[in-house]
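Coordinates from input05.cif are shown below (mmCIF, C-alpha atoms and all ligand atoms).
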```cif
data_my_file
loop_
_atom_site.group_PDB
_atom_site.id
_atom_site.type_symbol
_atom_site.label_atom_id
_atom_site.label_comp_id
_atom_site.auth_asym_id
_atom_site.auth_seq_id
_atom_site.Cartn_x
_atom_site.Cartn_y
_atom_site.Cartn_z
ATOM 1 C CA MET A 2 -62.178 -67.256 97.939
ATOM 2 C CA ARG A 3 -64.226 -66.647 94.806
ATOM 3 C CA LYS A 4 -63.939 -62.903 95.407
ATOM 4 C CA ALA A 5 -60.148 -63.147 95.825
ATOM 5 C CA GLU A 6 -59.755 -65.362 92.781
ATOM 6 C CA LYS A 7 -61.304 -62.596 90.687
ATOM 7 C CA GLY A 8 -58.902 -60.041 92.170
ATOM 8 C CA GLY A 9 -61.289 -58.626 94.791
ATOM 9 C CA VAL A 10 -59.904 -56.992 97.935
ATOM 10 C CA LEU A 11 -61.011 -58.824 101.081
ATOM 11 C CA SER A 12 -62.200 -57.143 104.287
ATOM 12 C CA VAL A 13 -60.684 -58.029 107.674
ATOM 13 C CA ASP A 14 -63.709 -60.230 108.474
ATOM 14 C CA GLU A 15 -63.301 -62.033 105.169
ATOM 15 C CA ILE A 16 -59.598 -62.610 105.864
ATOM 16 C CA SER A 17 -60.525 -63.931 109.295
ATOM 17 C CA SER A 18 -63.046 -66.334 107.754
ATOM 18 C CA LEU A 19 -60.304 -67.735 105.498
ATOM 19 C CA LEU A 20 -58.394 -68.608 108.666
ATOM 20 C CA ASP A 21 -61.399 -70.576 109.966
ATOM 21 C CA VAL A 22 -60.851 -73.415 107.486
ATOM 22 C CA LYS A 23 -60.108 -76.763 109.068
ATOM 23 C CA GLU A 24 -57.158 -79.001 108.324
ATOM 24 C CA ALA A 25 -57.761 -81.760 105.747
ATOM 25 C CA SER A 26 -61.028 -80.160 104.627
ATOM 26 C CA GLU A 27 -62.115 -79.412 101.075
ATOM 27 C CA GLU A 28 -62.045 -75.692 101.980
ATOM 28 C CA ALA A 29 -58.408 -75.952 103.058
ATOM 29 C CA ARG A 30 -57.456 -77.569 99.773
ATOM 30 C CA GLU A 31 -59.271 -74.792 97.907
ATOM 31 C CA LEU A 32 -57.679 -72.074 100.055
ATOM 32 C CA PHE A 33 -54.181 -73.259 99.162
ATOM 33 C CA GLU A 34 -55.145 -73.625 95.505
ATOM 34 C CA VAL A 35 -56.451 -70.062 95.327
ATOM 35 C CA SER A 36 -53.432 -68.596 97.134
ATOM 36 C CA ARG A 37 -51.029 -70.467 94.864
ATOM 37 C CA PHE A 38 -53.022 -69.434 91.803
ATOM 38 C CA LEU A 39 -52.780 -65.761 92.815
ATOM 39 C CA ALA A 40 -49.094 -66.010 93.725
ATOM 40 C CA ASP A 41 -48.273 -67.660 90.395
ATOM 41 C CA LYS A 42 -50.333 -65.115 88.495
ATOM 42 C CA LEU A 43 -49.278 -61.931 90.268
ATOM 43 C CA LEU A 44 -45.688 -62.796 91.292
ATOM 44 C CA HIS A 45 -42.810 -64.483 89.513
ATOM 45 C CA GLN A 46 -42.443 -68.248 89.991
ATOM 46 C CA ARG A 47 -38.877 -68.175 91.211
ATOM 47 C CA GLY A 48 -37.709 -69.276 94.620
ATOM 48 C CA ARG A 49 -35.789 -66.935 96.934
ATOM 49 C CA ILE A 50 -33.455 -67.623 99.841
ATOM 50 C CA TRP A 51 -33.215 -65.231 102.772
ATOM 51 C CA CYS A 52 -29.921 -65.781 104.602
ATOM 52 C CA ALA A 53 -29.946 -64.138 108.020
ATOM 53 C CA ILE A 54 -26.816 -63.577 110.081
ATOM 54 C CA GLY A 55 -27.506 -62.823 113.768
ATOM 55 C CA LEU A 56 -24.607 -60.546 114.647
ATOM 56 C CA ASP A 57 -24.857 -60.012 118.373
ATOM 57 C CA TYR A 58 -25.622 -62.576 121.014
ATOM 58 C CA ARG A 59 -26.197 -60.397 124.046
ATOM 59 C CA PRO A 60 -29.002 -59.622 126.476
ATOM 60 C CA CYS A 61 -31.380 -57.134 124.854
ATOM 61 C CA LYS A 62 -33.021 -54.598 127.170
ATOM 62 C CA VAL A 63 -36.399 -54.857 125.443
ATOM 63 C CA LYS A 64 -38.905 -57.128 127.180
ATOM 64 C CA CYS A 65 -40.209 -59.446 124.468
ATOM 65 C CA ASN A 66 -42.108 -62.371 125.950
ATOM 66 C CA PHE A 67 -41.016 -64.729 123.170
ATOM 67 C CA CYS A 68 -37.370 -63.814 122.636
ATOM 68 C CA SER A 69 -34.438 -65.829 123.940
ATOM 69 C CA LEU A 70 -32.212 -62.738 123.841
ATOM 70 C CA SER A 71 -34.338 -60.517 126.094
ATOM 71 C CA GLU A 72 -32.353 -59.829 129.282
ATOM 72 C CA TRP A 73 -35.535 -60.315 131.303
ATOM 73 C CA TRP A 74 -35.387 -64.111 130.959
ATOM 74 C CA GLY A 75 -31.697 -64.484 131.807
ATOM 75 C CA LEU A 76 -31.013 -67.032 129.080
ATOM 76 C CA VAL A 77 -27.949 -65.392 127.538
ATOM 77 C CA GLU A 78 -24.987 -66.344 129.691
ATOM 78 C CA LYS A 79 -22.006 -65.373 127.574
ATOM 79 C CA VAL A 80 -21.974 -62.296 125.336
ATOM 80 C CA TYR A 81 -20.659 -62.820 121.819
ATOM 81 C CA GLU A 82 -20.505 -60.444 118.877
ATOM 82 C CA MET A 83 -19.540 -61.887 115.534
ATOM 83 C CA PRO A 84 -16.239 -60.311 114.416
ATOM 84 C CA LYS A 85 -16.316 -58.416 111.140
ATOM 85 C CA PRO A 86 -14.084 -60.891 109.221
ATOM 86 C CA ASP A 87 -16.448 -63.721 110.210
ATOM 87 C CA VAL A 88 -19.504 -61.747 109.052
ATOM 88 C CA LEU A 89 -17.873 -61.039 105.700
ATOM 89 C CA LYS A 90 -16.782 -64.644 105.283
ATOM 90 C CA LEU A 91 -20.275 -65.860 106.029
ATOM 91 C CA ALA A 92 -21.905 -63.308 103.731
ATOM 92 C CA ARG A 93 -19.522 -64.327 100.933
ATOM 93 C CA SER A 94 -20.279 -67.988 101.486
ATOM 94 C CA PHE A 95 -24.061 -67.363 101.448
ATOM 95 C CA ILE A 96 -23.696 -65.404 98.193
ATOM 96 C CA GLU A 97 -21.625 -68.165 96.604
ATOM 97 C CA LYS A 98 -24.192 -70.770 97.615
ATOM 98 C CA GLY A 99 -27.020 -68.795 95.997
ATOM 99 C CA ALA A 100 -28.549 -66.420 98.585
ATOM 100 C CA HIS A 101 -30.934 -63.805 97.186
ATOM 101 C CA TYR A 102 -31.041 -61.787 100.400
ATOM 102 C CA VAL A 103 -28.190 -61.294 102.860
ATOM 103 C CA VAL A 104 -29.714 -60.084 106.087
ATOM 104 C CA LEU A 105 -27.839 -58.614 109.026
ATOM 105 C CA ARG A 106 -29.924 -59.146 112.156
ATOM 106 C CA THR A 107 -29.158 -57.515 115.493
ATOM 107 C CA THR A 108 -30.684 -56.926 118.883
ATOM 108 C CA GLU A 109 -32.394 -53.586 119.497
ATOM 109 C CA PHE A 110 -29.287 -51.617 120.481
ATOM 110 C CA TYR A 111 -26.592 -52.633 117.973
ATOM 111 C CA SER A 112 -24.559 -49.698 116.701
ATOM 112 C CA PRO A 113 -25.983 -48.358 113.403
ATOM 113 C CA ALA A 114 -22.469 -47.089 112.591
ATOM 114 C CA LYS A 115 -21.210 -50.686 112.600
ATOM 115 C CA LEU A 116 -24.087 -51.734 110.362
ATOM 116 C CA VAL A 117 -23.214 -48.981 107.901
ATOM 117 C CA GLU A 118 -19.587 -50.130 107.878
ATOM 118 C CA LEU A 119 -20.618 -53.748 107.261
ATOM 119 C CA GLY A 120 -23.009 -52.520 104.567
ATOM 120 C CA TYR A 121 -20.194 -50.925 102.562
ATOM 121 C CA ASP A 122 -18.040 -54.032 102.938
ATOM 122 C CA ILE A 123 -20.739 -56.518 101.891
ATOM 123 C CA ASN A 124 -21.918 -54.260 99.102
ATOM 124 C CA SER A 125 -18.423 -54.343 97.627
ATOM 125 C CA ILE A 126 -18.438 -58.153 97.388
ATOM 126 C CA LYS A 127 -22.022 -58.878 96.385
ATOM 127 C CA PRO A 128 -23.545 -59.046 92.904
ATOM 128 C CA ARG A 129 -26.166 -56.380 92.162
ATOM 129 C CA ASP A 130 -29.096 -58.787 92.290
ATOM 130 C CA VAL A 131 -28.342 -59.973 95.829
ATOM 131 C CA ARG A 132 -30.237 -57.713 98.207
ATOM 132 C CA LEU A 133 -28.656 -56.511 101.435
ATOM 133 C CA VAL A 134 -31.152 -56.125 104.274
ATOM 134 C CA ALA A 135 -30.908 -55.108 107.942
ATOM 135 C CA ASN A 136 -33.126 -56.340 110.731
ATOM 136 C CA THR A 137 -32.293 -54.072 113.627
ATOM 137 C CA GLY A 138 -33.785 -51.688 116.190
ATOM 138 C CA GLU A 139 -35.584 -48.349 115.986
ATOM 139 C CA VAL A 140 -33.051 -46.531 113.809
ATOM 140 C CA SER A 141 -33.278 -42.773 113.164
ATOM 141 C CA ILE A 142 -33.917 -41.423 109.662
ATOM 142 C CA ASN A 143 -30.348 -40.075 109.491
ATOM 143 C CA TRP A 144 -28.870 -43.504 110.080
ATOM 144 C CA LEU A 145 -31.357 -45.061 107.682
ATOM 145 C CA LYS A 146 -30.209 -42.674 104.955
ATOM 146 C CA LYS A 147 -26.606 -43.656 105.687
ATOM 147 C CA MET A 148 -27.577 -47.314 105.475
ATOM 148 C CA LYS A 149 -29.153 -46.695 102.098
ATOM 149 C CA GLU A 150 -25.931 -45.019 100.907
ATOM 150 C CA ALA A 151 -23.947 -47.991 102.192
ATOM 151 C CA GLY A 152 -25.914 -50.308 99.907
ATOM 152 C CA PHE A 153 -28.786 -51.635 102.014
ATOM 153 C CA GLU A 154 -31.851 -52.349 99.891
ATOM 154 C CA GLY A 155 -34.268 -52.353 102.782
ATOM 155 C CA LEU A 156 -35.068 -53.202 106.375
ATOM 156 C CA TYR A 157 -37.041 -55.985 107.948
ATOM 157 C CA HIS A 158 -39.313 -54.319 110.485
ATOM 158 C CA THR A 159 -42.736 -55.290 111.783
ATOM 159 C CA VAL A 160 -45.434 -54.424 114.248
ATOM 160 C CA ARG A 161 -45.571 -57.711 116.089
ATOM 161 C CA LEU A 162 -48.691 -59.510 117.188
ATOM 162 C CA ARG A 163 -49.668 -58.039 120.588
ATOM 163 C CA GLU A 164 -46.944 -55.432 120.216
ATOM 164 C CA GLY A 165 -46.864 -53.321 123.387
ATOM 165 C CA ILE A 166 -48.421 -56.203 125.400
ATOM 166 C CA ASP A 167 -46.006 -59.056 124.733
ATOM 167 C CA THR A 168 -43.221 -56.550 124.030
ATOM 168 C CA SER A 169 -42.172 -53.358 125.784
ATOM 169 C CA ILE A 170 -42.186 -51.372 122.547
ATOM 170 C CA LYS A 171 -45.379 -49.566 121.573
ATOM 171 C CA PRO A 172 -46.818 -50.174 118.086
ATOM 172 C CA GLU A 173 -46.529 -46.426 117.366
ATOM 173 C CA ILE A 174 -42.751 -46.627 117.799
ATOM 174 C CA ARG A 175 -42.537 -49.473 115.288
ATOM 175 C CA LEU A 176 -44.764 -47.553 112.880
ATOM 176 C CA ARG A 177 -42.611 -44.447 113.249
ATOM 177 C CA THR A 178 -39.526 -46.453 112.250
ATOM 178 C CA ILE A 179 -41.404 -48.024 109.331
ATOM 179 C CA LYS A 180 -42.336 -44.524 108.121
ATOM 180 C CA ALA A 181 -38.681 -43.462 108.399
ATOM 181 C CA ILE A 182 -37.594 -46.574 106.442
ATOM 182 C CA ARG A 183 -39.815 -45.507 103.550
ATOM 183 C CA GLU A 184 -38.745 -41.867 103.810
ATOM 184 C CA ALA A 185 -35.119 -42.931 103.566
ATOM 185 C CA GLY A 186 -35.937 -44.647 100.257
ATOM 186 C CA LEU A 187 -35.520 -48.145 101.648
ATOM 187 C CA LYS A 188 -37.789 -51.120 101.042
ATOM 188 C CA LEU A 189 -39.809 -52.631 103.859
ATOM 189 C CA TYR A 190 -39.736 -56.385 104.471
ATOM 190 C CA TYR A 191 -42.482 -57.587 106.795
ATOM 191 C CA LEU A 192 -44.001 -60.789 108.183
ATOM 192 C CA VAL A 193 -46.979 -61.414 110.427
ATOM 193 C CA GLU A 194 -45.197 -62.727 113.505
ATOM 194 C CA PRO A 195 -44.500 -64.338 115.908
ATOM 195 C CA ILE A 196 -47.674 -66.408 115.649
ATOM 196 C CA GLY A 197 -48.611 -68.599 118.598
ATOM 197 C CA PRO A 198 -51.626 -70.800 119.404
ATOM 198 C CA GLU A 199 -53.120 -68.064 121.633
ATOM 199 C CA HIS A 200 -53.625 -65.597 118.765
ATOM 200 C CA THR A 201 -57.182 -65.449 117.454
ATOM 201 C CA ASN A 202 -58.049 -65.535 113.765
ATOM 202 C CA LEU A 203 -59.353 -61.974 114.037
ATOM 203 C CA GLU A 204 -56.063 -60.747 115.545
ATOM 204 C CA ILE A 205 -54.112 -62.443 112.770
ATOM 205 C CA ALA A 206 -56.464 -61.034 110.133
ATOM 206 C CA GLN A 207 -55.965 -57.538 111.592
ATOM 207 C CA ALA A 208 -52.191 -58.075 111.478
ATOM 208 C CA ILE A 209 -52.438 -59.130 107.810
ATOM 209 C CA ASP A 210 -54.523 -56.024 107.139
ATOM 210 C CA LEU A 211 -51.891 -53.790 108.733
ATOM 211 C CA MET A 212 -49.133 -55.548 106.805
ATOM 212 C CA ARG A 213 -50.804 -54.986 103.428
ATOM 213 C CA LYS A 214 -51.558 -51.347 104.251
ATOM 214 C CA LEU A 215 -47.855 -50.740 104.927
ATOM 215 C CA ARG A 216 -47.136 -51.994 101.380
ATOM 216 C CA PRO A 217 -44.046 -54.104 102.051
ATOM 217 C CA SER A 218 -41.869 -55.737 99.391
ATOM 218 C CA LEU A 219 -41.884 -59.044 101.247
ATOM 219 C CA ILE A 220 -44.933 -60.480 102.977
ATOM 220 C CA GLY A 221 -45.682 -63.739 104.746
ATOM 221 C CA ALA A 222 -45.765 -65.306 108.175
ATOM 222 C CA MET A 223 -43.530 -66.605 110.941
ATOM 223 C CA ALA A 224 -44.464 -69.002 113.726
ATOM 224 C CA ARG A 225 -43.144 -68.485 117.221
ATOM 225 C CA ASN A 226 -40.642 -71.045 118.417
ATOM 226 C CA PRO A 227 -41.373 -71.757 122.085
ATOM 227 C CA VAL A 228 -37.991 -71.213 123.735
ATOM 228 C CA PRO A 229 -38.015 -72.800 127.222
ATOM 229 C CA GLY A 230 -37.622 -70.079 129.848
ATOM 230 C CA THR A 231 -39.498 -67.398 127.886
ATOM 231 C CA PRO A 232 -43.022 -66.536 129.148
ATOM 232 C CA LEU A 233 -44.911 -67.464 125.974
ATOM 233 C CA ALA A 234 -43.262 -70.871 125.668
ATOM 234 C CA ARG A 235 -46.087 -72.299 127.792
ATOM 235 C CA TYR A 236 -48.501 -71.913 124.874
ATOM 236 C CA GLY A 237 -46.459 -74.180 122.615
ATOM 237 C CA ARG A 238 -46.344 -73.752 118.864
ATOM 238 C CA ILE A 239 -48.799 -73.609 115.972
ATOM 239 C CA SER A 240 -48.990 -76.440 113.459
ATOM 240 C CA GLU A 241 -47.493 -76.335 109.976
ATOM 241 C CA PHE A 242 -51.040 -76.225 108.626
ATOM 242 C CA ASP A 243 -51.907 -73.153 110.716
ATOM 243 C CA LEU A 244 -48.756 -71.385 109.527
ATOM 244 C CA ALA A 245 -49.438 -72.240 105.874
ATOM 245 C CA LYS A 246 -52.987 -70.945 106.336
ATOM 246 C CA VAL A 247 -51.686 -67.511 107.408
ATOM 247 C CA VAL A 248 -49.323 -67.442 104.427
ATOM 248 C CA ALA A 249 -52.214 -68.287 102.106
ATOM 249 C CA ALA A 250 -54.474 -65.634 103.661
ATOM 250 C CA SER A 251 -51.645 -63.063 103.424
ATOM 251 C CA ILE A 252 -51.272 -63.744 99.705
ATOM 252 C CA ILE A 253 -55.015 -63.615 99.054
ATOM 253 C CA ALA A 254 -55.469 -60.431 101.099
ATOM 254 C CA THR A 255 -52.433 -58.553 99.833
ATOM 255 C CA LEU A 256 -51.564 -59.351 96.232
ATOM 256 C CA PRO A 257 -54.786 -58.003 94.637
ATOM 257 C CA MET A 258 -54.282 -54.574 96.291
ATOM 258 C CA HIS A 259 -50.503 -54.098 96.306
ATOM 259 C CA GLU A 260 -48.317 -54.682 93.272
ATOM 260 C CA GLY A 261 -45.014 -54.047 95.017
ATOM 261 C CA VAL A 262 -44.633 -57.501 96.580
ATOM 262 C CA GLU A 263 -41.459 -59.205 95.368
ATOM 263 C CA ALA A 264 -41.494 -62.253 97.646
ATOM 264 C CA VAL A 265 -43.680 -64.304 99.984
ATOM 265 C CA CYS A 266 -41.840 -65.795 102.931
ATOM 266 C CA VAL A 267 -42.553 -68.489 105.495
ATOM 267 C CA HIS A 268 -40.523 -69.215 108.600
ATOM 268 C CA PRO A 269 -39.734 -71.853 109.769
ATOM 269 C CA PRO A 270 -39.480 -73.501 106.333
ATOM 270 C CA SER A 271 -42.641 -75.336 105.306
ATOM 271 C CA LYS A 272 -43.285 -77.399 102.205
ATOM 272 C CA LEU A 273 -47.018 -76.932 102.689
ATOM 273 C CA ALA A 274 -46.645 -73.130 102.750
ATOM 274 C CA CYS A 275 -44.497 -73.301 99.590
ATOM 275 C CA LYS A 276 -47.269 -75.215 97.879
ATOM 276 C CA ALA A 277 -49.655 -72.471 99.046
ATOM 277 C CA GLY A 278 -47.509 -69.771 97.397
ATOM 278 C CA ALA A 279 -44.540 -69.008 99.686
ATOM 279 C CA ASN A 280 -41.488 -68.656 97.449
ATOM 280 C CA THR A 281 -38.942 -67.506 100.035
ATOM 281 C CA LEU A 282 -37.280 -69.569 102.771
ATOM 282 C CA VAL A 283 -35.008 -68.470 105.605
ATOM 283 C CA VAL A 284 -31.589 -69.849 106.457
ATOM 284 C CA ASP A 285 -30.720 -68.649 109.968
ATOM 285 C CA TYR A 286 -27.280 -68.374 111.518
ATOM 286 C CA GLY A 287 -25.692 -66.920 114.657
ATOM 287 C CA ALA A 288 -27.701 -65.118 117.340
ATOM 288 C CA ILE A 289 -31.321 -66.183 116.843
ATOM 289 C CA PRO A 290 -34.251 -64.942 118.971
ATOM 290 C CA ARG A 291 -35.828 -68.385 118.522
ATOM 291 C CA GLU A 292 -32.912 -70.279 120.059
ATOM 292 C CA LYS A 293 -31.274 -70.233 123.492
ATOM 293 C CA ASP A 294 -27.664 -70.580 122.323
ATOM 294 C CA PHE A 295 -25.564 -68.867 119.679
ATOM 295 C CA VAL A 296 -25.882 -71.124 116.623
ATOM 296 C CA LEU A 297 -22.625 -71.902 114.832
ATOM 297 C CA GLY A 298 -24.029 -73.234 111.582
ATOM 298 C CA ALA A 299 -27.419 -73.263 109.945
ATOM 299 C CA TRP A 300 -30.329 -73.276 112.422
ATOM 300 C CA ARG A 301 -31.761 -76.793 112.700
ATOM 301 C CA GLY A 302 -29.344 -77.828 109.953
ATOM 302 C CA PHE A 303 -31.476 -76.103 107.307
ATOM 303 C CA ASP A 304 -28.912 -74.655 104.887
ATOM 304 C CA VAL A 305 -29.072 -73.054 101.430
ATOM 305 C CA LYS A 306 -29.088 -76.416 99.659
ATOM 306 C CA ASP A 307 -32.045 -77.574 101.762
ATOM 307 C CA ALA A 308 -33.902 -74.342 100.968
ATOM 308 C CA LYS A 309 -33.270 -74.851 97.247
ATOM 309 C CA LYS A 310 -34.521 -78.428 97.452
ATOM 310 C CA MET A 311 -37.712 -77.475 99.286
ATOM 311 C CA LEU A 312 -38.413 -74.610 96.881
ATOM 312 C CA ARG A 313 -37.915 -76.851 93.852
ATOM 313 C CA GLU A 314 -40.224 -79.437 95.397
ATOM 314 C CA GLY A 315 -42.723 -76.604 95.788
ATOM 315 C CA GLY A 316 -42.559 -75.964 92.047
ATOM 316 C CA TYR A 317 -40.248 -72.933 91.952
ATOM 317 C CA GLU A 318 -37.246 -72.286 89.763
ATOM 318 C CA VAL A 319 -34.179 -71.620 91.856
HETATM 319 S S1 LIG A 401 -37.147 -59.600 119.762
HETATM 320 FE FE1 LIG A 401 -35.580 -58.038 119.275
HETATM 321 S S2 LIG A 401 -36.181 -56.271 120.538
HETATM 322 FE FE2 LIG A 401 -37.245 -58.052 121.417
HETATM 323 S S3 LIG A 401 -35.861 -58.771 123.041
HETATM 324 FE FE3 LIG A 401 -35.403 -59.941 121.159
HETATM 325 S S4 LIG A 401 -33.702 -58.834 120.229
HETATM 326 FE FE4 LIG A 401 -34.644 -57.425 121.717
#
```
Show me, as structure tokens, the structure contained in the file I just sent.
Amino acid sequence: MRKAEKGGVLSVDEISSLLDVKEASEEARELFEVSRFLADKLLHQRGRIWCAIGLDYRPCKVKCNFCSLSEWWGLVEKVYEMPKPDVLKLARSFIEKGAHYVVLRTTEFYSPAKLVELGYDINSIKPRDVRLVANTGEVSINWLKKMKEAGFEGLYHTVRLREGIDTSIKPEIRLRTIKAIREAGLKLYYLVEPIGPEHTNLEIAQAIDLMRKLRPSLIGAMARNPVPGTPLARYGRISEFDLAKVVAASIIATLPMHEGVEAVCVHPPSKLACKAGANTLVVDYGAIPREKDFVLGAWRGFDVKDAKKMLREGGYEV
């Protein structure tokens, strides 16, 4: 922590040792103080709201052991794709309420042509400082370039924890898409996810190390939601403290070596993680890999106004 406080770059073992701190200990208090100190010093102190619209509720052919939408678990009974007017209405409403990011999320095989079309439409109604982001499958460089032209600022894409083991997509495929995202001139948005109780501190530290090496514009962490009927649900979920700890370690490991971070995100929303330096919260809507049913409304009732409140309580301007 002393090394990080002075701007030193931590090794993977050092990151892992940060994750060893115990809840309610003096070390934990110090960890969150150091991460917040670095976030305040090296980032702006403004809160950000990431509004995600899940466009397609349909069985996805990829076998992800945590995802409610994977066809392997048979949880999706009725296919539903959000009609374009509804997407535009929702995007407009998020923008009016104060979203900083409008994110179009899809399953792995959503048509990139449709995303491009939606990109042009949303770009025509959004102010310049609202960023349009896609969270979709392994898109080719040609489509990524078209998405950039349509007004997308970047893509959310990650190499997941135990990628290729708990998913049927190899890490190399994810990395190839991430390379193409950068080559297309798009920003990369990235979280360490989906964290469950079975992941070791070393695995998480290695995931943080990979994240920082990929130099994303958004960093942070997401906990897995145990959806009944998915294979990993049996492990349960991590605590809010454990999630905040990964956010803190991500800040400490990344900010001293990469100046391009514009936001630190935590999902699900956590006041503790905000205090530790997370300045970005997610409002989720529609088809959500963390939920069995299509969600008509904000996931778990957490809307833009709730995100603003939590961020302000965390000491951010929003
Ligand atoms: S996480 Fe994404 S790729 Fe995996 S099954 Fe769900 S929608 Fe498909």
Next item on the list: Please identify every polymer residue within 6 Å of ligand LIG 401 (chain A), using all atoms listed in the file, and present the set as a PyMOL selection string.
Entry: chain A and resi 61+63-65+68+70-71+108-109+290
Margin query: When you look at A:Gly8 with a cut-off of 9 Å (counting all atoms listed in the file), what residues show up, excluding the ones that are within fewer than 5 positions of it in the same chain? I need them as number ranges by chain.
Written below: A: 3, 39, 253, 256-258
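Of the residues under consideration (A:Tyr190, A:Trp73, A:Phe295, A:Tyr317), A:Phe295 shows the shortest atom-to-atom contact distance to A:Ile54 when counting all atoms listed in the file.
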Check: In file coordinates, which residues lie within 8 Å of (-47.1, -54.8, 116.2) using only C-alpha atoms, given as a PyMOL selection string?
Finding: chain A and resi 159-165+171-172+175+208
Could you turn the residues from that selection into a file that holds C-alpha atoms, as a short mmCIF file (atom, residue, chain, number, x, y, z; two decimals), keeping the file's coordinate frame?
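The result, written out as result.cif:
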```cif
data_model
loop_
_atom_site.label_atom_id
_atom_site.label_comp_id
_atom_site.auth_asym_id
_atom_site.auth_seq_id
_atom_site.Cartn_x
_atom_site.Cartn_y
_atom_site.Cartn_z
CA THR A 159 -42.74 -55.29 111.78
CA VAL A 160 -45.43 -54.42 114.25
CA ARG A 161 -45.57 -57.71 116.09
CA LEU A 162 -48.69 -59.51 117.19
CA ARG A 163 -49.67 -58.04 120.59
CA GLU A 164 -46.94 -55.43 120.22
CA GLY A 165 -46.86 -53.32 123.39
CA LYS A 171 -45.38 -49.57 121.57
CA PRO A 172 -46.82 -50.17 118.09
CA ARG A 175 -42.54 -49.47 115.29
CA ALA A 208 -52.19 -58.08 111.48
#
```
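If you measure from each of A:Ala92, A:Val247, A:Val305, A:Val265 to A:Leu44 using all atoms listed in the file, the closest one turns out to be A:Val265.
For the set A:Tyr286, A:Arg301, A:Ser36, A:Arg235, the residue with the smallest atom-to-atom gap to A:Met83 is A:Tyr286, counting all atoms listed in the file.
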Margin query: Quick check on the file I pasted: which residues fall under the PyMOL selection byres (((chain A and resi 316) around 9) and not hetatm)? Write them as a VMD selection string.
Written below: chain A and resid 46 to 48 275 to 276 311 to 315 317 to 318
I'd like to see the residues matched by the PyMOL selection byres (((chain A and resi 183) around 12) and not hetatm) on this file, and ideally I'd get them as an mmCIF file with C-alpha atoms, in the frame of the given file.
```cif
data_model
loop_
_atom_site.group_PDB
_atom_site.id
_atom_site.type_symbol
_atom_site.label_atom_id
_atom_site.label_comp_id
_atom_site.auth_asym_id
_atom_site.auth_seq_id
_atom_site.Cartn_x
_atom_site.Cartn_y
_atom_site.Cartn_z
ATOM 1 C CA SER A 141 -33.278 -42.773 113.164
ATOM 2 C CA ILE A 142 -33.917 -41.423 109.662
ATOM 3 C CA LEU A 145 -31.357 -45.061 107.682
ATOM 4 C CA LYS A 146 -30.209 -42.674 104.955
ATOM 5 C CA LYS A 149 -29.153 -46.695 102.098
ATOM 6 C CA GLU A 154 -31.851 -52.349 99.891
ATOM 7 C CA GLY A 155 -34.268 -52.353 102.782
ATOM 8 C CA LEU A 156 -35.068 -53.202 106.375
ATOM 9 C CA TYR A 157 -37.041 -55.985 107.948
ATOM 10 C CA HIS A 158 -39.313 -54.319 110.485
ATOM 11 C CA LEU A 176 -44.764 -47.553 112.880
ATOM 12 C CA ARG A 177 -42.611 -44.447 113.249
ATOM 13 C CA THR A 178 -39.526 -46.453 112.250
ATOM 14 C CA ILE A 179 -41.404 -48.024 109.331
ATOM 15 C CA LYS A 180 -42.336 -44.524 108.121
ATOM 16 C CA ALA A 181 -38.681 -43.462 108.399
ATOM 17 C CA ILE A 182 -37.594 -46.574 106.442
ATOM 18 C CA GLU A 184 -38.745 -41.867 103.810
ATOM 19 C CA ALA A 185 -35.119 -42.931 103.566
ATOM 20 C CA GLY A 186 -35.937 -44.647 100.257
ATOM 21 C CA LEU A 187 -35.520 -48.145 101.648
ATOM 22 C CA LYS A 188 -37.789 -51.120 101.042
ATOM 23 C CA LEU A 189 -39.809 -52.631 103.859
ATOM 24 C CA TYR A 190 -39.736 -56.385 104.471
ATOM 25 C CA LEU A 215 -47.855 -50.740 104.927
ATOM 26 C CA ARG A 216 -47.136 -51.994 101.380
ATOM 27 C CA PRO A 217 -44.046 -54.104 102.051
ATOM 28 C CA SER A 218 -41.869 -55.737 99.391
#
```
Check: So how far away is atom CA of A:Ser69 from atom CA of A:Ala234, in Å?
Finding: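 The value is 10.3 Å.
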Next item on the list: Have a look at atom CA of A:Lys79 and atom CA of A:Thr231 and let me know their distance in Å, one decimal.
Entry: 17.6 Å
Give me the box for stretch 46-60 of chain A as lines of an AutoDock Vina configuration file, namely the centre and edge lengths in Å to one decimal of a box along x, y and z that holds every listed atom plus 5 Å on each side.
```
center_x = -33.5
center_y = -64.4
center_z = 108.2
size_x = 27.8
size_y = 19.7
size_z = 46.5
```
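Interatomic distance, atom CA of A:Gly261 against atom CA of A:Asp122: 28.1 Å.
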Item checked: Residues matched by the PyMOL selection byres (((chain A and resi 209) around 12) and not hetatm), written as a ChimeraX atom specification -> /A:11-17,19-20,159-162,191-194,196,202-208,210-217,220-222,246-256
